[in-house]
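protein.txt, holding compact mmCIF, N, CA, C and O atoms:
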```txt
# COMPACT_ATOMS: atom_id res chain seq x y z
N MET A 977 111.13 104.23 96.05
CA MET A 977 111.70 102.95 96.40
C MET A 977 111.55 101.95 95.25
O MET A 977 112.47 101.19 94.99
N GLN A 978 110.38 101.97 94.59
CA GLN A 978 110.19 101.04 93.47
C GLN A 978 111.19 101.32 92.35
O GLN A 978 111.76 100.39 91.78
N ARG A 979 111.41 102.59 92.05
CA ARG A 979 112.39 102.94 91.01
C ARG A 979 113.79 102.53 91.43
O ARG A 979 114.57 102.04 90.61
N ARG A 980 114.11 102.72 92.67
CA ARG A 980 115.44 102.34 93.16
C ARG A 980 115.63 100.82 93.07
O ARG A 980 116.69 100.35 92.65
N LEU A 981 114.63 100.06 93.45
CA LEU A 981 114.71 98.61 93.35
C LEU A 981 114.80 98.16 91.89
O LEU A 981 115.56 97.24 91.56
N ALA A 982 114.03 98.81 91.01
CA ALA A 982 114.08 98.47 89.59
C ALA A 982 115.47 98.77 89.01
O ALA A 982 116.02 97.98 88.25
N ALA A 983 116.05 99.90 89.41
CA ALA A 983 117.39 100.26 88.94
C ALA A 983 118.43 99.27 89.47
O ALA A 983 119.37 98.89 88.75
N PHE A 984 118.29 98.87 90.70
CA PHE A 984 119.20 97.89 91.30
C PHE A 984 119.17 96.58 90.50
O PHE A 984 120.21 96.03 90.16
N ALA A 985 117.96 96.10 90.21
CA ALA A 985 117.82 94.85 89.45
C ALA A 985 118.33 95.02 88.02
O ALA A 985 119.02 94.14 87.50
N ALA A 986 118.03 96.15 87.39
CA ALA A 986 118.46 96.39 86.01
C ALA A 986 119.98 96.43 85.91
O ALA A 986 120.56 95.88 84.97
N ALA A 987 120.63 97.06 86.87
CA ALA A 987 122.09 97.17 86.84
C ALA A 987 122.75 95.79 86.92
O ALA A 987 123.90 95.63 86.49
N ARG A 988 122.05 94.82 87.44
CA ARG A 988 122.59 93.47 87.60
C ARG A 988 122.03 92.48 86.57
O ARG A 988 122.32 91.30 86.61
N GLY A 989 121.19 93.00 85.67
CA GLY A 989 120.62 92.15 84.64
C GLY A 989 119.61 91.14 85.15
O GLY A 989 119.42 90.08 84.55
N TRP A 990 118.92 91.48 86.21
CA TRP A 990 117.98 90.55 86.83
C TRP A 990 116.56 90.63 86.27
O TRP A 990 115.71 89.82 86.65
N GLU A 991 116.27 91.60 85.40
CA GLU A 991 114.90 91.77 84.93
C GLU A 991 114.27 90.50 84.37
O GLU A 991 113.09 90.25 84.63
N PRO A 992 115.01 89.67 83.60
CA PRO A 992 114.37 88.46 83.06
C PRO A 992 113.85 87.52 84.15
O PRO A 992 112.93 86.74 83.90
N TYR A 993 114.41 87.62 85.33
CA TYR A 993 114.00 86.74 86.43
C TYR A 993 112.89 87.34 87.28
O TYR A 993 112.30 86.64 88.09
N HIS A 994 112.64 88.62 87.09
CA HIS A 994 111.63 89.30 87.90
C HIS A 994 110.27 89.24 87.24
O HIS A 994 109.64 90.25 86.93
N THR A 995 109.80 88.01 87.06
CA THR A 995 108.46 87.77 86.54
C THR A 995 107.48 87.80 87.71
O THR A 995 107.89 87.63 88.87
N PRO A 996 106.20 88.02 87.44
CA PRO A 996 105.24 87.99 88.54
C PRO A 996 105.32 86.70 89.36
O PRO A 996 105.29 86.75 90.59
N LYS A 997 105.43 85.56 88.67
CA LYS A 997 105.51 84.29 89.40
C LYS A 997 106.73 84.23 90.30
O LYS A 997 106.64 83.90 91.48
N ASN A 998 107.89 84.56 89.76
CA ASN A 998 109.12 84.49 90.54
C ASN A 998 109.10 85.46 91.72
O ASN A 998 109.55 85.13 92.82
N LEU A 999 108.57 86.65 91.50
CA LEU A 999 108.51 87.63 92.59
C LEU A 999 107.51 87.21 93.65
O LEU A 999 107.75 87.40 94.85
N ALA A 1000 106.39 86.61 93.24
CA ALA A 1000 105.41 86.11 94.22
C ALA A 1000 106.02 84.99 95.06
O ALA A 1000 105.83 84.94 96.28
N VAL A 1001 106.77 84.10 94.42
CA VAL A 1001 107.42 83.02 95.15
C VAL A 1001 108.46 83.59 96.12
O VAL A 1001 108.53 83.20 97.28
N ALA A 1002 109.27 84.52 95.64
CA ALA A 1002 110.30 85.14 96.50
C ALA A 1002 109.66 85.85 97.68
O ALA A 1002 110.15 85.78 98.82
N LEU A 1003 108.55 86.53 97.43
CA LEU A 1003 107.82 87.22 98.50
C LEU A 1003 107.36 86.22 99.55
O LEU A 1003 107.51 86.44 100.75
N SER A 1004 106.84 85.09 99.10
CA SER A 1004 106.38 84.06 100.02
C SER A 1004 107.53 83.49 100.84
O SER A 1004 107.39 83.27 102.05
N VAL A 1005 108.67 83.26 100.21
CA VAL A 1005 109.84 82.74 100.92
C VAL A 1005 110.30 83.73 101.98
O VAL A 1005 110.59 83.35 103.13
N GLU A 1006 110.37 85.00 101.63
CA GLU A 1006 110.81 86.00 102.60
C GLU A 1006 109.81 86.14 103.74
O GLU A 1006 110.20 86.31 104.90
N ALA A 1007 108.52 86.07 103.44
CA ALA A 1007 107.51 86.12 104.50
C ALA A 1007 107.67 84.92 105.43
O ALA A 1007 107.55 85.06 106.66
N ALA A 1008 107.98 83.76 104.87
CA ALA A 1008 108.21 82.56 105.69
C ALA A 1008 109.44 82.74 106.58
O ALA A 1008 109.45 82.27 107.73
N GLU A 1009 110.46 83.41 106.07
CA GLU A 1009 111.65 83.66 106.90
C GLU A 1009 111.32 84.59 108.06
O GLU A 1009 111.85 84.43 109.16
N LEU A 1010 110.41 85.53 107.85
CA LEU A 1010 109.95 86.39 108.94
C LEU A 1010 109.17 85.57 109.96
O LEU A 1010 109.40 85.68 111.17
N VAL A 1011 108.30 84.71 109.49
CA VAL A 1011 107.52 83.85 110.38
C VAL A 1011 108.44 82.94 111.19
O VAL A 1011 108.20 82.71 112.38
N GLU A 1012 109.49 82.44 110.55
CA GLU A 1012 110.41 81.52 111.22
C GLU A 1012 111.01 82.13 112.49
O GLU A 1012 111.23 81.43 113.48
N ILE A 1013 111.26 83.43 112.47
CA ILE A 1013 111.82 84.09 113.65
C ILE A 1013 110.90 83.92 114.86
O ILE A 1013 111.34 83.77 115.99
N PHE A 1014 109.60 83.92 114.61
CA PHE A 1014 108.61 83.89 115.68
C PHE A 1014 108.07 82.48 115.95
O PHE A 1014 107.28 82.30 116.88
N GLN A 1015 108.50 81.51 115.17
CA GLN A 1015 107.88 80.18 115.16
C GLN A 1015 107.65 79.57 116.53
O GLN A 1015 106.57 79.08 116.82
N TRP A 1016 108.62 79.54 117.39
CA TRP A 1016 108.48 78.84 118.66
C TRP A 1016 108.43 79.79 119.86
O TRP A 1016 108.57 79.36 121.00
N LEU A 1017 108.21 81.06 119.61
CA LEU A 1017 108.12 82.02 120.70
C LEU A 1017 106.72 82.02 121.31
O LEU A 1017 105.73 81.80 120.61
N THR A 1018 106.66 82.30 122.58
CA THR A 1018 105.36 82.52 123.21
C THR A 1018 104.85 83.89 122.77
O THR A 1018 105.63 84.72 122.28
N PRO A 1019 103.57 84.15 122.97
CA PRO A 1019 103.07 85.49 122.64
C PRO A 1019 103.84 86.59 123.38
O PRO A 1019 104.11 87.65 122.81
N GLU A 1020 104.20 86.32 124.61
CA GLU A 1020 104.93 87.31 125.39
C GLU A 1020 106.34 87.54 124.82
O GLU A 1020 106.80 88.68 124.73
N GLN A 1021 107.02 86.46 124.45
CA GLN A 1021 108.35 86.60 123.86
C GLN A 1021 108.28 87.34 122.52
O GLN A 1021 109.13 88.17 122.22
N SER A 1022 107.26 87.03 121.73
CA SER A 1022 107.14 87.70 120.44
C SER A 1022 106.88 89.19 120.59
O SER A 1022 107.37 89.99 119.79
N ALA A 1023 106.16 89.58 121.63
CA ALA A 1023 105.89 90.99 121.88
C ALA A 1023 107.14 91.76 122.29
O ALA A 1023 107.22 92.98 122.11
N ARG A 1024 108.16 91.03 122.81
CA ARG A 1024 109.40 91.66 123.26
C ARG A 1024 110.57 91.44 122.29
O ARG A 1024 111.70 91.75 122.61
N ILE A 1025 110.30 90.93 121.09
CA ILE A 1025 111.36 90.55 120.16
C ILE A 1025 112.31 91.71 119.82
O ILE A 1025 113.50 91.50 119.63
N MET A 1026 111.80 92.92 119.79
CA MET A 1026 112.62 94.06 119.37
C MET A 1026 113.52 94.58 120.50
O MET A 1026 114.32 95.48 120.28
N GLU A 1027 113.42 94.00 121.68
CA GLU A 1027 114.26 94.44 122.80
C GLU A 1027 115.71 93.99 122.66
O GLU A 1027 116.61 94.64 123.19
N LYS A 1028 115.94 92.88 121.98
CA LYS A 1028 117.31 92.39 121.78
C LYS A 1028 117.81 92.88 120.43
O LYS A 1028 117.19 92.59 119.39
N PRO A 1029 118.91 93.61 120.40
CA PRO A 1029 119.39 94.18 119.14
C PRO A 1029 119.58 93.16 118.01
O PRO A 1029 119.22 93.43 116.86
N GLU A 1030 120.10 91.98 118.33
CA GLU A 1030 120.33 90.99 117.27
C GLU A 1030 119.00 90.46 116.70
O GLU A 1030 118.88 90.25 115.49
N ASP A 1031 117.99 90.30 117.56
CA ASP A 1031 116.67 89.86 117.08
C ASP A 1031 115.98 90.99 116.32
O ASP A 1031 115.36 90.75 115.28
N ALA A 1032 116.11 92.20 116.82
CA ALA A 1032 115.52 93.35 116.14
C ALA A 1032 116.10 93.52 114.74
O ALA A 1032 115.37 93.79 113.78
N HIS A 1033 117.40 93.30 114.61
CA HIS A 1033 118.06 93.40 113.31
C HIS A 1033 117.52 92.33 112.35
O HIS A 1033 117.23 92.62 111.18
N ARG A 1034 117.36 91.10 112.83
CA ARG A 1034 116.82 90.02 111.99
C ARG A 1034 115.40 90.34 111.53
O ARG A 1034 115.07 90.15 110.35
N VAL A 1035 114.58 90.82 112.44
CA VAL A 1035 113.20 91.16 112.09
C VAL A 1035 113.19 92.28 111.05
O VAL A 1035 112.50 92.18 110.02
N ALA A 1036 113.96 93.32 111.29
CA ALA A 1036 113.99 94.45 110.35
C ALA A 1036 114.48 94.02 108.97
O ALA A 1036 113.95 94.46 107.94
N ASP A 1037 115.49 93.16 108.92
CA ASP A 1037 116.00 92.66 107.64
C ASP A 1037 114.93 91.88 106.88
O ASP A 1037 114.76 92.05 105.67
N GLU A 1038 114.20 91.02 107.58
CA GLU A 1038 113.17 90.23 106.90
C GLU A 1038 112.00 91.10 106.48
O GLU A 1038 111.43 90.90 105.40
N VAL A 1039 111.63 92.07 107.29
CA VAL A 1039 110.58 93.01 106.90
C VAL A 1039 111.01 93.75 105.63
O VAL A 1039 110.21 93.91 104.69
N ALA A 1040 112.26 94.18 105.58
CA ALA A 1040 112.76 94.87 104.39
C ALA A 1040 112.72 93.97 103.17
O ALA A 1040 112.34 94.41 102.07
N ASP A 1041 113.10 92.70 103.33
CA ASP A 1041 113.05 91.76 102.21
C ASP A 1041 111.62 91.57 101.70
O ASP A 1041 111.37 91.57 100.49
N VAL A 1042 110.68 91.40 102.62
CA VAL A 1042 109.27 91.23 102.24
C VAL A 1042 108.79 92.46 101.49
O VAL A 1042 108.17 92.35 100.42
N LEU A 1043 109.06 93.63 102.02
CA LEU A 1043 108.61 94.87 101.38
C LEU A 1043 109.27 95.05 100.02
O LEU A 1043 108.60 95.45 99.05
N ALA A 1044 110.55 94.75 99.91
CA ALA A 1044 111.26 94.91 98.64
C ALA A 1044 110.62 94.03 97.56
O ALA A 1044 110.37 94.48 96.44
N TYR A 1045 110.36 92.76 97.89
CA TYR A 1045 109.75 91.89 96.89
C TYR A 1045 108.32 92.30 96.58
O TYR A 1045 107.88 92.21 95.43
N LEU A 1046 107.59 92.77 97.57
CA LEU A 1046 106.23 93.24 97.30
C LEU A 1046 106.25 94.45 96.37
O LEU A 1046 105.47 94.53 95.41
N LEU A 1047 107.14 95.39 96.63
CA LEU A 1047 107.23 96.57 95.77
C LEU A 1047 107.67 96.20 94.35
O LEU A 1047 107.15 96.75 93.37
N GLN A 1048 108.60 95.27 94.22
CA GLN A 1048 109.03 94.83 92.89
C GLN A 1048 107.88 94.12 92.17
O GLN A 1048 107.68 94.32 90.96
N PHE A 1049 107.13 93.31 92.88
CA PHE A 1049 105.97 92.62 92.32
C PHE A 1049 104.97 93.65 91.79
O PHE A 1049 104.48 93.52 90.66
N CYS A 1050 104.69 94.65 92.59
CA CYS A 1050 103.74 95.70 92.18
C CYS A 1050 104.26 96.48 90.98
O CYS A 1050 103.50 96.82 90.07
N GLU A 1051 105.54 96.75 90.96
CA GLU A 1051 106.14 97.47 89.84
C GLU A 1051 105.97 96.70 88.53
O GLU A 1051 105.56 97.25 87.52
N VAL A 1052 106.26 95.42 88.57
CA VAL A 1052 106.18 94.57 87.37
C VAL A 1052 104.75 94.49 86.85
O VAL A 1052 104.51 94.50 85.63
N LEU A 1053 103.77 94.43 87.75
CA LEU A 1053 102.37 94.30 87.34
C LEU A 1053 101.64 95.63 87.21
O LEU A 1053 100.48 95.65 86.83
N GLY A 1054 102.30 96.73 87.55
CA GLY A 1054 101.66 98.03 87.44
C GLY A 1054 100.62 98.29 88.51
O GLY A 1054 99.67 99.05 88.29
N VAL A 1055 100.79 97.69 89.67
CA VAL A 1055 99.88 97.92 90.79
C VAL A 1055 100.41 99.08 91.61
O VAL A 1055 101.56 99.08 92.03
N ASP A 1056 99.56 100.09 91.82
CA ASP A 1056 99.93 101.18 92.73
C ASP A 1056 99.63 100.68 94.14
O ASP A 1056 98.46 100.57 94.54
N VAL A 1057 100.68 100.36 94.88
CA VAL A 1057 100.52 99.70 96.17
C VAL A 1057 99.73 100.56 97.16
O VAL A 1057 98.90 100.03 97.91
N LEU A 1058 99.94 101.86 97.16
CA LEU A 1058 99.21 102.72 98.10
C LEU A 1058 97.75 102.85 97.72
O LEU A 1058 96.87 102.85 98.60
N ASP A 1059 97.45 102.95 96.41
CA ASP A 1059 96.05 102.97 95.98
C ASP A 1059 95.36 101.66 96.31
O ASP A 1059 94.21 101.64 96.75
N ALA A 1060 96.06 100.53 96.08
CA ALA A 1060 95.49 99.23 96.38
C ALA A 1060 95.19 99.10 97.87
O ALA A 1060 94.13 98.58 98.26
N LEU A 1061 96.11 99.56 98.70
CA LEU A 1061 95.90 99.49 100.14
C LEU A 1061 94.74 100.37 100.58
O LEU A 1061 93.89 99.95 101.37
N ALA A 1062 94.67 101.59 100.06
CA ALA A 1062 93.57 102.50 100.42
C ALA A 1062 92.23 101.90 100.02
O ALA A 1062 91.27 101.95 100.80
N ALA A 1063 92.16 101.32 98.83
CA ALA A 1063 90.90 100.71 98.37
C ALA A 1063 90.52 99.52 99.25
O ALA A 1063 89.34 99.33 99.58
N LYS A 1064 91.50 98.74 99.65
CA LYS A 1064 91.23 97.57 100.51
C LYS A 1064 90.74 98.01 101.89
O LYS A 1064 89.79 97.42 102.44
N ILE A 1065 91.35 99.05 102.44
CA ILE A 1065 90.90 99.56 103.74
C ILE A 1065 89.47 100.04 103.65
O ILE A 1065 88.64 99.76 104.53
N GLU A 1066 89.14 100.75 102.57
CA GLU A 1066 87.77 101.24 102.39
C GLU A 1066 86.78 100.08 102.30
O GLU A 1066 85.71 100.13 102.91
N ARG A 1067 87.12 99.03 101.55
CA ARG A 1067 86.24 97.86 101.47
C ARG A 1067 86.08 97.20 102.84
O ARG A 1067 84.98 96.78 103.21
N ASN A 1068 87.19 97.10 103.58
CA ASN A 1068 87.12 96.47 104.91
C ASN A 1068 86.29 97.31 105.87
O ASN A 1068 85.61 96.76 106.74
N GLU A 1069 86.35 98.63 105.74
CA GLU A 1069 85.53 99.49 106.61
C GLU A 1069 84.04 99.24 106.36
O GLU A 1069 83.24 99.29 107.30
N LEU A 1070 83.69 98.95 105.11
CA LEU A 1070 82.30 98.64 104.80
C LEU A 1070 81.93 97.23 105.26
O LEU A 1070 80.83 97.00 105.76
N ARG A 1071 82.85 96.29 105.07
CA ARG A 1071 82.59 94.90 105.45
C ARG A 1071 82.55 94.70 106.96
O ARG A 1071 81.83 93.84 107.47
N PHE A 1072 83.36 95.46 107.68
CA PHE A 1072 83.51 95.29 109.13
C PHE A 1072 83.27 96.61 109.83
O PHE A 1072 84.20 97.26 110.29
N PRO A 1073 82.01 97.02 109.93
CA PRO A 1073 81.73 98.31 110.58
C PRO A 1073 82.09 98.27 112.07
O PRO A 1073 82.15 97.20 112.68
N VAL A 1074 82.29 99.43 112.62
CA VAL A 1074 82.58 99.55 114.03
C VAL A 1074 81.37 99.03 114.81
O VAL A 1074 80.23 99.37 114.47
N PRO A 1075 81.61 98.17 115.81
CA PRO A 1075 80.47 97.66 116.59
C PRO A 1075 79.60 98.79 117.12
O PRO A 1075 80.11 99.81 117.60
N GLY A 1076 78.30 98.63 116.98
CA GLY A 1076 77.36 99.64 117.45
C GLY A 1076 76.99 100.65 116.39
O GLY A 1076 76.08 101.44 116.57
N SER A 1077 77.71 100.63 115.26
CA SER A 1077 77.36 101.55 114.18
C SER A 1077 76.35 100.88 113.26
O SER A 1077 76.08 99.69 113.37
N SER A 1078 75.78 101.64 112.37
CA SER A 1078 74.83 101.04 111.43
C SER A 1078 75.58 100.22 110.39
O SER A 1078 76.73 100.48 110.08
N GLY A 1079 74.94 99.19 109.90
CA GLY A 1079 75.57 98.33 108.90
C GLY A 1079 75.61 96.91 109.41
O GLY A 1079 75.49 96.64 110.60
N PRO A 1080 75.77 95.98 108.46
CA PRO A 1080 75.79 94.57 108.86
C PRO A 1080 77.00 94.22 109.70
O PRO A 1080 78.08 94.78 109.53
N ASP A 1081 76.81 93.30 110.64
CA ASP A 1081 77.91 92.82 111.47
C ASP A 1081 78.40 91.52 110.84
O ASP A 1081 77.82 90.47 111.04
N ARG A 1082 79.46 91.62 110.05
CA ARG A 1082 79.97 90.45 109.33
C ARG A 1082 81.34 90.06 109.88
O ARG A 1082 82.05 90.86 110.46
N HIS A 1083 81.69 88.83 109.63
CA HIS A 1083 82.98 88.30 110.06
C HIS A 1083 83.79 87.90 108.85
O HIS A 1083 83.27 87.72 107.76
N SER A 1084 85.09 87.70 109.06
CA SER A 1084 85.99 87.39 107.95
C SER A 1084 85.64 86.07 107.26
O SER A 1084 86.06 85.85 106.14
N SER A 1085 84.88 85.20 107.91
CA SER A 1085 84.53 83.93 107.29
C SER A 1085 83.41 84.08 106.27
O SER A 1085 83.07 83.16 105.57
N GLU A 1086 82.80 85.26 106.20
CA GLU A 1086 81.67 85.47 105.28
C GLU A 1086 82.18 85.94 103.94
O GLU A 1086 83.12 86.61 103.78
```

C-alpha cells encoding of this file:
Amino acid sequence: MQRRLAAFAAARGWEPYHTPKNLAVALSVEAAELVEIFQWLTPEQSARIMEKPEDAHRVADEVADVLAYLLQFCEVLGVDVLDALAAKIERNELRFPVPGSSGPDRHSSE
C-alpha cells in the first residue's frame, strides 16, 4: 500500500508537498473529518453508524483517508508502521498489566 500511494503521488508530481509536516497536518485534518461524523451522536447512535449505507460509506472513506496519510507519513520518514505498532503494544502490555497479574498497576496519567 505504501508503494502504491508513493507511486500515485509521484505520478502527479506531489512529492515536494509530501513533507513530514504537511503529511502530519493532512493526517490531522482527515482524523478531524472522521471525528466530525460522530460529533453530535449519542453513544448508542455511534455504535450503530455502520447500519446506514450512506453513513458507513462516509466512515469508510474517512478511515481510508486517515490510513493513507499515515502510511505516506511513515514512508517519508522511514517508519515501519507494523514494527512501530508491535513495539508500542509490547510497551503498553508492560505499562498496563492485566488486573490480578504481577506487575505495577499503572494508569495512562502516569

Secondary structure check, alpha helix (DSSP H) residues of chain A, as a VMD selection string: chain A and resid 978 to 987 996 to 1014 1019 to 1023 1029 to 1053 1057 to 1071

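Closest to A:Ala1007 among A:Val1042, A:Ala982, A:Arg988, A:Asp1037 is A:Val1042, based on all atoms listed in the file.
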
Nearest to A:Val1052 by atom-to-atom distance, counting all atoms listed in the file, from A:Met977, A:Ala987, A:His994, A:Ala1036: A:His994

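Using only N, CA, C and O atoms, the smallest distance between any of A:Glu1069, A:Pro1029, A:Leu981, A:Ser1077 and A:Leu1047 comes from A:Leu981.
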
Pairwise distance for atom CA of A:Ile1013 and atom CA of A:Tyr993, rounded to one decimal in Å: 27.4 Å

Just the residues within 6 Å of A:Tyr1045, please, counting all atoms listed in the file, with nothing from its chain fewer than 4 positions along; format it as an mmCIF file with N, CA, C and O atoms, keeping the file's coordinate frame.
```cif
data_model
loop_
_atom_site.group_PDB
_atom_site.id
_atom_site.type_symbol
_atom_site.label_atom_id
_atom_site.label_comp_id
_atom_site.auth_asym_id
_atom_site.auth_seq_id
_atom_site.Cartn_x
_atom_site.Cartn_y
_atom_site.Cartn_z
ATOM 1 N N LEU A 999 108.570 86.650 91.500
ATOM 2 C CA LEU A 999 108.510 87.630 92.590
ATOM 3 C C LEU A 999 107.510 87.210 93.650
ATOM 4 O O LEU A 999 107.750 87.400 94.850
ATOM 5 N N LEU A 1003 108.550 86.530 97.430
ATOM 6 C CA LEU A 1003 107.820 87.220 98.500
ATOM 7 C C LEU A 1003 107.360 86.220 99.550
ATOM 8 O O LEU A 1003 107.510 86.440 100.750
ATOM 9 N N ALA A 1040 112.260 94.180 105.580
ATOM 10 C CA ALA A 1040 112.760 94.870 104.390
ATOM 11 C C ALA A 1040 112.720 93.970 103.170
ATOM 12 O O ALA A 1040 112.340 94.410 102.070
ATOM 13 N N ASP A 1041 113.100 92.700 103.330
ATOM 14 C CA ASP A 1041 113.050 91.760 102.210
ATOM 15 C C ASP A 1041 111.620 91.570 101.700
ATOM 16 O O ASP A 1041 111.370 91.570 100.490
ATOM 17 N N PHE A 1049 107.130 93.310 92.880
ATOM 18 C CA PHE A 1049 105.970 92.620 92.320
ATOM 19 C C PHE A 1049 104.970 93.650 91.790
ATOM 20 O O PHE A 1049 104.480 93.520 90.660
ATOM 21 N N CYS A 1050 104.690 94.650 92.590
ATOM 22 C CA CYS A 1050 103.740 95.700 92.180
ATOM 23 C C CYS A 1050 104.260 96.480 90.980
ATOM 24 O O CYS A 1050 103.500 96.820 90.070
#
```
